[in-house]
file target-v2.txt (compact mmCIF, C-alpha atoms)
# COMPACT_ATOMS: atom_id res chain seq x y z
CA MET A 26 -4.78 15.80 46.38
CA GLU A 27 -5.38 13.32 43.58
CA LYS A 28 -2.56 12.60 41.22
CA GLN A 29 -3.60 13.35 37.68
CA GLU A 30 -2.64 10.77 35.06
CA VAL A 31 -0.64 12.21 32.20
CA ILE A 32 -1.87 10.97 28.80
CA ARG A 33 1.03 10.60 26.42
CA THR A 34 0.17 11.15 22.79
CA GLY A 35 2.14 11.02 19.61
CA PRO A 36 1.68 11.65 15.91
CA PRO A 37 -1.13 9.88 14.04
CA LYS A 38 -0.21 6.46 12.73
CA TRP A 39 -0.75 7.52 9.12
CA MET A 40 1.73 10.35 9.58
CA GLU A 41 4.28 8.03 11.16
CA PHE A 42 3.81 5.48 8.37
CA GLY A 43 4.22 8.21 5.75
CA CYS A 44 7.33 9.56 7.42
CA ALA A 45 8.98 6.12 7.47
CA SER A 46 8.02 5.51 3.84
CA ILE A 47 9.37 8.88 2.66
CA LEU A 48 12.65 8.43 4.55
CA VAL A 49 13.27 5.02 3.00
CA LEU A 50 12.30 6.33 -0.43
CA CYS A 51 14.72 9.23 -0.11
CA VAL A 52 17.54 6.91 0.95
CA PHE A 53 16.97 4.56 -1.96
CA LEU A 54 16.49 7.34 -4.54
CA SER A 55 19.69 9.03 -3.41
CA ILE A 56 21.73 6.04 -4.56
CA PRO A 57 21.10 6.18 -8.33
CA LEU A 58 20.83 9.97 -8.27
CA SER A 59 24.20 10.36 -6.58
CA LYS A 60 25.83 7.89 -8.95
CA GLY A 61 24.13 9.35 -12.02
CA ALA A 62 23.64 5.87 -13.43
CA TRP A 63 22.27 2.40 -12.78
CA GLY A 64 24.83 -0.32 -12.10
CA LEU A 65 25.03 -3.10 -14.70
CA SER A 66 27.07 -6.17 -13.83
CA TRP A 67 27.96 -9.43 -15.58
CA ASP A 68 24.75 -10.88 -14.10
CA SER A 69 22.73 -8.05 -15.63
CA PHE A 70 23.75 -8.84 -19.20
CA ASN A 71 24.10 -12.62 -18.95
CA HIS A 72 21.38 -13.49 -16.50
CA HIS A 73 18.83 -10.84 -15.45
CA PHE A 74 18.08 -9.30 -18.86
CA TYR A 75 17.86 -12.76 -20.39
CA LEU A 76 15.35 -14.00 -17.81
CA GLY A 77 13.24 -10.91 -18.43
CA TRP A 78 13.34 -11.80 -22.13
CA VAL A 79 12.24 -15.34 -21.28
CA ALA A 80 9.33 -13.85 -19.30
CA SER A 81 8.20 -12.10 -22.48
CA GLU A 82 8.56 -15.14 -24.73
CA ASN A 83 9.46 -18.75 -24.14
CA ARG A 84 12.88 -19.47 -25.63
CA PHE A 85 13.49 -23.09 -24.65
CA GLU A 86 13.39 -24.26 -28.28
CA LYS A 87 15.67 -21.41 -29.44
CA ASP A 88 18.50 -21.17 -26.90
CA LEU A 89 20.65 -23.75 -25.16
CA LEU A 90 21.77 -22.72 -21.66
CA ALA A 91 21.95 -19.09 -22.74
CA ALA A 92 22.30 -17.98 -19.12
CA GLY A 93 23.57 -21.28 -17.79
CA THR A 94 21.43 -23.17 -15.30
CA GLN A 95 20.08 -19.81 -14.09
CA ALA A 96 18.07 -19.59 -17.31
CA TYR A 97 15.39 -21.73 -15.64
CA GLN A 98 14.69 -19.55 -12.62
CA PHE A 99 11.22 -18.07 -12.23
CA PRO A 100 11.64 -15.21 -14.74
CA TYR A 101 8.73 -12.83 -14.26
CA LEU A 102 10.24 -10.69 -11.53
CA TYR A 103 13.06 -9.86 -13.98
CA TRP A 104 10.60 -8.54 -16.57
CA PRO A 105 10.71 -4.87 -15.39
CA VAL A 106 14.50 -4.85 -15.72
CA PHE A 107 14.31 -6.25 -19.23
CA MET A 108 11.60 -3.82 -20.33
CA MET A 109 13.42 -0.75 -19.01
CA ALA A 110 16.49 -1.83 -20.98
CA LYS A 111 14.42 -2.65 -24.05
CA ILE A 112 12.70 0.73 -24.28
CA GLY A 113 16.02 2.47 -23.70
CA LEU A 114 15.50 4.34 -20.45
CA SER A 115 18.50 6.28 -19.23
CA GLY A 116 20.48 4.90 -16.32
CA VAL A 117 19.22 7.55 -13.95
CA VAL A 118 15.53 7.09 -14.84
CA ALA A 119 15.77 3.30 -14.69
CA GLY A 120 17.65 3.51 -11.41
CA VAL A 121 15.03 5.81 -9.89
CA ILE A 122 12.18 3.50 -10.90
CA TRP A 123 14.04 0.47 -9.57
CA ALA A 124 14.89 2.25 -6.31
CA ALA A 125 11.25 3.33 -5.87
CA LEU A 126 10.11 -0.28 -6.22
CA HIS A 127 12.62 -1.35 -3.59
CA ALA A 128 11.40 1.39 -1.24
CA LEU A 129 8.11 -0.52 -0.91
CA ILE A 130 9.91 -2.63 1.68
CA ALA A 131 9.28 0.18 4.16
CA HIS A 132 5.57 -0.64 4.34
CA PRO A 133 5.69 -4.17 5.81
CA LEU A 134 8.67 -3.19 7.98
CA TRP A 135 6.62 -0.42 9.59
CA VAL A 136 3.67 -2.76 10.19
CA ILE A 137 6.05 -5.22 11.87
CA ALA A 138 7.52 -2.44 14.02
CA ASP A 139 4.03 -1.22 14.94
CA ALA A 140 2.98 -4.74 15.96
CA LEU A 141 6.07 -5.26 18.11
CA LEU A 142 5.96 -1.77 19.66
CA PRO A 143 2.25 -0.93 20.02
CA GLY A 144 1.06 2.29 21.55
CA ARG A 145 1.02 5.95 20.72
CA SER A 146 3.70 8.33 21.88
CA TRP A 147 6.47 10.38 20.33
CA GLU A 148 9.03 8.06 21.87
CA LEU A 149 7.42 4.94 20.36
CA SER A 150 7.12 6.68 17.00
CA ILE A 151 10.84 7.38 16.99
CA TYR A 152 11.55 3.76 17.93
CA ARG A 153 9.32 2.40 15.15
CA ILE A 154 10.73 4.69 12.46
CA SER A 155 14.25 3.86 13.65
CA GLY A 156 13.38 0.17 13.39
CA VAL A 157 12.31 0.63 9.78
CA MET A 158 15.53 2.48 8.97
CA MET A 159 17.57 -0.25 10.64
CA GLY A 160 15.69 -2.80 8.55
CA VAL A 161 16.96 -1.22 5.34
CA GLY A 162 20.31 -0.15 6.75
CA SER A 163 22.35 -3.25 5.95
CA ILE A 164 24.76 -3.16 3.03
CA VAL A 165 22.88 -6.02 1.35
CA VAL A 166 19.63 -4.03 1.19
CA LEU A 167 21.24 -0.70 0.33
CA HIS A 168 23.22 -2.33 -2.47
CA ALA A 169 20.05 -3.82 -4.04
CA PRO A 170 18.85 -0.67 -5.90
CA VAL A 171 22.32 -0.31 -7.40
CA THR A 172 22.11 -3.67 -9.18
CA THR A 173 19.50 -5.43 -11.32
CA GLY A 174 19.04 -8.19 -8.74
CA ASN A 175 15.60 -8.63 -7.22
CA ASP A 176 16.22 -10.37 -3.88
CA VAL A 177 14.66 -7.52 -1.91
CA LEU A 178 11.57 -7.44 -4.12
CA ALA A 179 11.21 -11.23 -3.81
CA SER A 180 11.23 -10.84 -0.02
CA LEU A 181 8.34 -8.36 0.00
CA PRO A 182 5.51 -10.94 0.08
CA PHE A 183 7.26 -12.86 2.87
CA LEU A 184 7.65 -9.69 4.94
CA TRP A 185 3.97 -8.91 4.41
CA GLY A 186 3.16 -12.42 5.63
CA VAL A 187 5.16 -11.79 8.81
CA ALA A 188 3.56 -8.36 9.22
CA ILE A 189 0.04 -9.75 8.87
CA GLY A 190 0.83 -12.52 11.33
CA LEU A 191 2.23 -10.22 14.00
CA ARG A 192 -0.61 -7.74 13.56
CA HIS A 193 -3.53 -10.19 13.73
CA LEU A 194 -2.49 -13.27 15.69
CA GLY A 195 -2.34 -11.80 19.17
CA GLY A 196 -4.78 -10.77 21.85
CA GLY A 197 -7.27 -13.58 21.38
CA ALA A 198 -7.97 -12.62 17.77
CA LEU A 199 -8.22 -16.23 16.64
CA GLN A 200 -11.22 -18.20 17.82
CA LEU A 201 -12.80 -21.17 16.08
CA ASP A 202 -16.25 -19.68 16.57
CA GLN A 203 -15.22 -16.61 14.56
CA PRO A 204 -14.47 -17.92 11.03
CA VAL A 205 -13.72 -14.44 9.72
CA CYS A 206 -10.55 -14.39 11.83
CA VAL A 207 -9.15 -17.21 9.72
CA LEU A 208 -8.63 -14.71 6.89
CA PRO A 209 -5.37 -13.25 8.27
CA VAL A 210 -3.95 -16.77 8.48
CA VAL A 211 -4.94 -17.45 4.87
CA PHE A 212 -3.42 -14.14 3.75
CA MET A 213 -0.20 -15.07 5.57
CA GLY A 214 -0.04 -18.33 3.66
CA VAL A 215 -0.86 -16.67 0.34
CA MET A 216 1.97 -14.17 0.81
CA GLY A 217 4.33 -16.95 1.84
CA GLY A 218 3.58 -19.10 -1.21
CA PHE A 219 3.92 -16.06 -3.45
CA SER A 220 7.39 -15.31 -2.07
CA VAL A 221 8.58 -18.89 -2.59
CA ALA A 222 7.33 -18.84 -6.19
CA LEU A 223 9.33 -15.67 -6.84
CA LYS A 224 12.48 -17.17 -5.31
CA LEU A 225 12.68 -20.83 -4.31
CA SER A 226 15.26 -20.17 -1.61
CA ASN A 227 12.57 -18.27 0.33
CA GLY A 228 11.17 -21.70 1.11
CA PHE A 229 13.66 -21.94 3.96
CA LEU A 230 12.15 -18.79 5.49
CA VAL A 231 8.46 -19.31 4.85
CA VAL A 232 8.21 -22.07 7.50
CA VAL A 233 8.19 -19.21 10.02
CA LEU A 234 4.65 -18.23 9.00
CA PRO A 235 2.74 -21.34 10.13
CA ILE A 236 4.95 -21.50 13.23
CA LEU A 237 3.68 -18.02 14.14
CA CYS A 238 0.21 -19.51 14.36
CA LEU A 239 1.34 -21.76 17.21
CA PHE A 240 2.02 -18.67 19.33
CA CYS A 241 -1.36 -17.00 18.84
CA ALA A 242 -3.93 -16.67 21.59
CA GLY A 243 -6.44 -19.46 22.08
CA ALA A 244 -6.56 -23.19 22.75
CA TRP A 245 -3.98 -25.57 21.31
CA LEU A 246 -6.61 -27.02 18.98
CA THR A 247 -7.11 -23.54 17.55
CA ARG A 248 -3.38 -23.00 17.09
CA VAL A 249 -2.78 -26.34 15.41
CA ALA A 250 -5.76 -25.79 13.09
CA MET A 251 -4.38 -22.39 12.05
CA PHE A 252 -0.93 -23.94 11.57
CA PHE A 253 -2.31 -26.34 8.97
CA ILE A 254 -4.56 -23.72 7.35
CA CYS A 255 -1.54 -21.45 6.86
CA GLY A 256 0.52 -24.34 5.48
CA ILE A 257 -2.19 -25.31 3.00
CA ALA A 258 -2.53 -21.67 1.89
CA ILE A 259 1.24 -21.54 1.27
CA VAL A 260 1.12 -24.64 -0.94
CA VAL A 261 -1.95 -23.51 -2.88
CA SER A 262 -0.55 -20.01 -3.44
CA PHE A 263 2.78 -21.40 -4.59
CA VAL A 264 1.13 -23.77 -7.07
CA LEU A 265 -1.08 -21.02 -8.50
CA VAL A 266 1.79 -18.54 -8.97
CA TYR A 267 4.54 -20.95 -9.97
CA GLY A 268 2.30 -23.46 -11.75
CA SER A 269 2.52 -22.11 -15.29
CA TRP A 270 6.31 -21.83 -15.19
CA GLY A 271 6.66 -25.20 -13.46
CA TRP A 272 4.45 -26.86 -16.06
CA SER A 273 6.56 -25.39 -18.86
CA LEU A 274 9.73 -26.78 -17.25
CA TRP A 275 8.06 -30.17 -16.81
CA GLN A 276 7.09 -30.31 -20.47
CA HIS A 277 10.63 -29.56 -21.60
CA PHE A 278 12.77 -31.22 -18.92
CA GLY A 279 10.55 -33.47 -16.85
CA ASN A 280 11.33 -31.43 -13.75
CA PRO A 281 9.26 -28.41 -12.61
CA PHE A 282 12.28 -27.09 -10.68
CA PHE A 283 14.91 -27.82 -13.33
CA PRO A 284 17.85 -28.10 -12.89
CA PHE A 285 17.41 -28.54 -9.14
CA TYR A 286 16.61 -31.95 -7.64
CA ASP A 287 16.70 -33.56 -11.07
CA HIS A 288 17.77 -36.92 -9.67
CA MET A 289 14.58 -37.00 -7.61
CA PHE A 290 12.44 -36.75 -10.74
CA GLU A 291 14.17 -39.54 -12.67
CA SER A 292 11.92 -42.23 -11.20
CA ILE A 293 8.83 -40.05 -11.72
CA ARG A 294 9.71 -39.54 -15.39
CA ALA A 295 10.22 -43.27 -15.84
CA TYR A 296 6.95 -44.10 -14.07
CA VAL A 297 4.76 -41.72 -16.11
CA GLY A 298 6.61 -42.34 -19.38
CA TRP A 299 7.53 -38.69 -19.76
CA GLN A 300 8.43 -37.43 -23.21
CA PRO A 301 9.94 -33.97 -23.79
CA VAL A 302 8.41 -31.36 -26.06
CA ARG A 303 9.64 -31.99 -29.61
CA VAL A 304 11.62 -29.18 -31.15
CA PRO A 305 10.30 -28.48 -34.70
call {"tool": "encode", "arguments": {"input": "target-v2.txt", "output": "structure tokens"}}
result
Amino acid sequence: MEKQEVIRTGPPKWMEFGCASILVLCVFLSIPLSKGAWGLSWDSFNHHFYLGWVASENRFEKDLLAAGTQAYQFPYLYWPVFMMAKIGLSGVVAGVIWAALHALIAHPLWVIADALLPGRSWELSIYRISGVMMGVGSIVVLHAPVTTGNDVLASLPFLWGVAIGLRHLGGGALQLDQPVCVLPVVFMGVMGGFSVALKLSNGFLVVVLPILCLFCAGAWLTRVAMFFICGIAIVVSFVLVYGSWGWSLWQHFGNPFFPFYDHMFESIRAYVGWQPVRVP
């Protein structure tokens, strides 16, 4: 008597993805709703709101170290915080909007879990959803919607880069005779450069993305080529996103990353004869 193979099935992937997203959203929304307010710290008033103001209008000629050296961070991710305060949203409404934005982290986390635990069964679905919940379960992540900080939001592009890499770089997907397969590598780099532009400290993490290419299927020549393609995409994406802000800092301070690494730019300023923007 032949042994019949049992086919194990689970919920559709779209349902699993939706379930993970809704769970994370509910967790994040419960924080401002339970508190009945949105937490405002010293950083909120003296740093985050000010940078959002700078994103709306350049204030280099008007203020002197208004938020200390932090006044020169990439400001545009702080713009939503500033605008919600400017239009006078209540603490609960602002907190809900901010929490909903943070809940977007569930999407790349689920893609990563799906790439690491492929297959379709109820057991795997539970594992993947649990992995997503564990990804947002640390106190650092859960505390993010309570404050006006944007570290979690700045990590979103990087996580998407990892998710794209894990999803597309396995199983012989990359072959030099199939140029279309280079696109995932380029997207990885674009997401990586975007994340570094939002927060320079992400530069220590983004090196993971080209390294992922070295573990893809295919010959070593293929892997090394994808490594450099990803690296170039990171640099180009970073320049395009950060370029305008970096150019403004260069015009005023002779350092596109001011005040960081200023000693390294002293010789460059002397060589090019840099002159700061004149204040009227």
call {"tool": "atom_distance", "arguments": {"input": "target-v2.txt", "atom1": "CA of Leu65 (chain A)", "atom2": "CA of Thr173 (chain A)"}}
result
6.9 Å
call {"tool": "atom_distance", "arguments": {"input": "target-v2.txt", "atom1": "CA of Trp147 (chain A)", "atom2": "CA of Leu184 (chain A)"}}
result
25.3 Å
call {"tool": "closest_residue", "arguments": {"input": "target-v2.txt", "among": "A:Met40, A:Val161, A:Val221, A:Leu237", "to": "Ala188 (chain A)", "atoms": "only C-alpha atoms"}}
result
A:Leu237
call {"tool": "atom_distance", "arguments": {"input": "target-v2.txt", "atom1": "CA of Ile164 (chain A)", "atom2": "CA of Leu48 (chain A)"}}
result
16.8 Å
call {"tool": "residues_around", "arguments": {"input": "target-v2.txt", "residues": "region 135-140 of chain A", "least_positions_apart": "3", "cutoff": "10 Å", "atoms": "all atoms listed in the file", "output": "NGL selection string"}}
result
:A and (38 or 41-43 or 45-46 or 130-132 or 143-145 or 149-150 or 152-158 or 160 or 184-193 or 195)
call {"tool": "residues_near_point", "arguments": {"input": "target-v2.txt", "point": "(0.0, -24.8, 4.1)", "cutoff": "12 Å", "atoms": "all atoms listed in the file", "output": "PyMOL selection string"}}
result
chain A and resi 210-218+228+231-236+238+249-264
call {"tool": "closest_residue", "arguments": {"input": "target-v2.txt", "among": "A:Met159, A:Pro133, A:Cys51, A:Leu126", "to": "Leu178 (chain A)", "atoms": "all atoms listed in the file"}}
result
A:Leu126
call {"tool": "closest_atom_pairs", "arguments": {"input": "target-v2.txt", "of": "region 94-129 of chain A", "to": "region 76-83 of chain A", "cutoff": "9 Å", "atoms": "all atoms listed in the file", "output": "Markdown table"}}
result
| residue | atom | partner | partner_atom | distance |
| --- | --- | --- | --- | --- |
| A:Gln95 | CA | A:Leu76 | CA | 8.4 |
| A:Ala96 | CA | A:Leu76 | CA | 6.2 |
| A:Tyr97 | CA | A:Leu76 | CA | 8.0 |
| A:Gln98 | CA | A:Leu76 | CA | 7.6 |
| A:Phe99 | CA | A:Leu76 | CA | 8.0 |
| A:Pro100 | CA | A:Leu76 | CA | 5.0 |
| A:Tyr101 | CA | A:Ala80 | CA | 5.2 |
| A:Leu102 | CA | A:Gly77 | CA | 7.5 |
| A:Tyr103 | CA | A:Gly77 | CA | 4.6 |
| A:Trp104 | CA | A:Gly77 | CA | 4.0 |
| A:Pro105 | CA | A:Gly77 | CA | 7.2 |
| A:Val106 | CA | A:Gly77 | CA | 6.8 |
| A:Phe107 | CA | A:Gly77 | CA | 4.8 |
| A:Met108 | CA | A:Gly77 | CA | 7.5 |
call {"tool": "build_atoms", "arguments": {"input": "target-v2.txt", "residues": "region 61-88 of chain A", "atoms": "N, CA and C atoms", "output": "compact mmCIF listing (two decimals), in the frame of the given file"}}
result
# COMPACT_ATOMS: atom_id res chain seq x y z
N GLY A 61 24.43 8.89 -10.67
CA GLY A 61 24.13 9.35 -12.02
C GLY A 61 23.98 8.23 -13.01
N ALA A 62 23.75 7.01 -12.52
CA ALA A 62 23.64 5.87 -13.43
C ALA A 62 23.04 4.70 -12.65
N TRP A 63 22.78 3.63 -13.37
CA TRP A 63 22.27 2.40 -12.78
C TRP A 63 23.31 1.32 -13.03
N GLY A 64 23.75 0.65 -11.98
CA GLY A 64 24.83 -0.32 -12.10
C GLY A 64 24.44 -1.56 -12.89
N LEU A 65 25.24 -1.90 -13.89
CA LEU A 65 25.03 -3.10 -14.70
C LEU A 65 26.24 -4.01 -14.54
N SER A 66 26.00 -5.23 -14.09
CA SER A 66 27.07 -6.17 -13.83
C SER A 66 27.05 -7.29 -14.88
N TRP A 67 27.95 -8.24 -14.72
CA TRP A 67 27.96 -9.43 -15.58
C TRP A 67 26.61 -10.14 -15.50
N ASP A 68 26.05 -10.24 -14.27
CA ASP A 68 24.75 -10.88 -14.10
C ASP A 68 23.66 -10.15 -14.86
N SER A 69 23.76 -8.82 -14.92
CA SER A 69 22.73 -8.05 -15.63
C SER A 69 22.62 -8.47 -17.08
N PHE A 70 23.74 -8.53 -17.77
CA PHE A 70 23.75 -8.84 -19.20
C PHE A 70 23.56 -10.32 -19.49
N ASN A 71 24.09 -11.19 -18.65
CA ASN A 71 24.10 -12.62 -18.95
C ASN A 71 23.05 -13.42 -18.19
N HIS A 72 22.33 -12.75 -17.34
CA HIS A 72 21.38 -13.49 -16.50
C HIS A 72 20.05 -12.74 -16.38
N HIS A 73 20.07 -11.54 -15.77
CA HIS A 73 18.83 -10.84 -15.45
C HIS A 73 18.06 -10.38 -16.69
N PHE A 74 18.75 -9.75 -17.64
CA PHE A 74 18.08 -9.30 -18.86
C PHE A 74 17.53 -10.51 -19.63
N TYR A 75 18.30 -11.58 -19.64
CA TYR A 75 17.86 -12.76 -20.39
C TYR A 75 16.60 -13.36 -19.77
N LEU A 76 16.55 -13.45 -18.45
CA LEU A 76 15.35 -14.00 -17.81
C LEU A 76 14.14 -13.11 -18.06
N GLY A 77 14.34 -11.80 -18.08
CA GLY A 77 13.24 -10.91 -18.43
C GLY A 77 12.76 -11.14 -19.85
N TRP A 78 13.69 -11.46 -20.74
CA TRP A 78 13.34 -11.80 -22.13
C TRP A 78 12.53 -13.09 -22.16
N VAL A 79 12.97 -14.06 -21.36
CA VAL A 79 12.24 -15.34 -21.28
C VAL A 79 10.83 -15.12 -20.76
N ALA A 80 10.66 -14.15 -19.83
CA ALA A 80 9.33 -13.85 -19.30
C ALA A 80 8.41 -13.32 -20.39
N SER A 81 8.99 -12.64 -21.38
CA SER A 81 8.20 -12.10 -22.48
C SER A 81 7.87 -13.16 -23.52
N GLU A 82 8.80 -14.08 -23.75
CA GLU A 82 8.56 -15.14 -24.73
C GLU A 82 9.40 -16.37 -24.38
N ASN A 83 8.77 -17.50 -24.43
CA ASN A 83 9.46 -18.75 -24.14
C ASN A 83 10.53 -19.03 -25.18
N ARG A 84 11.75 -19.31 -24.71
CA ARG A 84 12.88 -19.47 -25.63
C ARG A 84 13.55 -20.83 -25.48
N PHE A 85 12.87 -21.79 -24.88
CA PHE A 85 13.49 -23.09 -24.65
C PHE A 85 13.88 -23.79 -25.95
N GLU A 86 13.09 -23.59 -27.01
CA GLU A 86 13.39 -24.26 -28.28
C GLU A 86 14.41 -23.47 -29.11
N LYS A 87 14.79 -22.26 -28.64
CA LYS A 87 15.67 -21.41 -29.44
C LYS A 87 17.08 -21.31 -28.87
N ASP A 88 17.20 -21.37 -27.55
CA ASP A 88 18.50 -21.17 -26.90
C ASP A 88 18.87 -22.41 -26.09
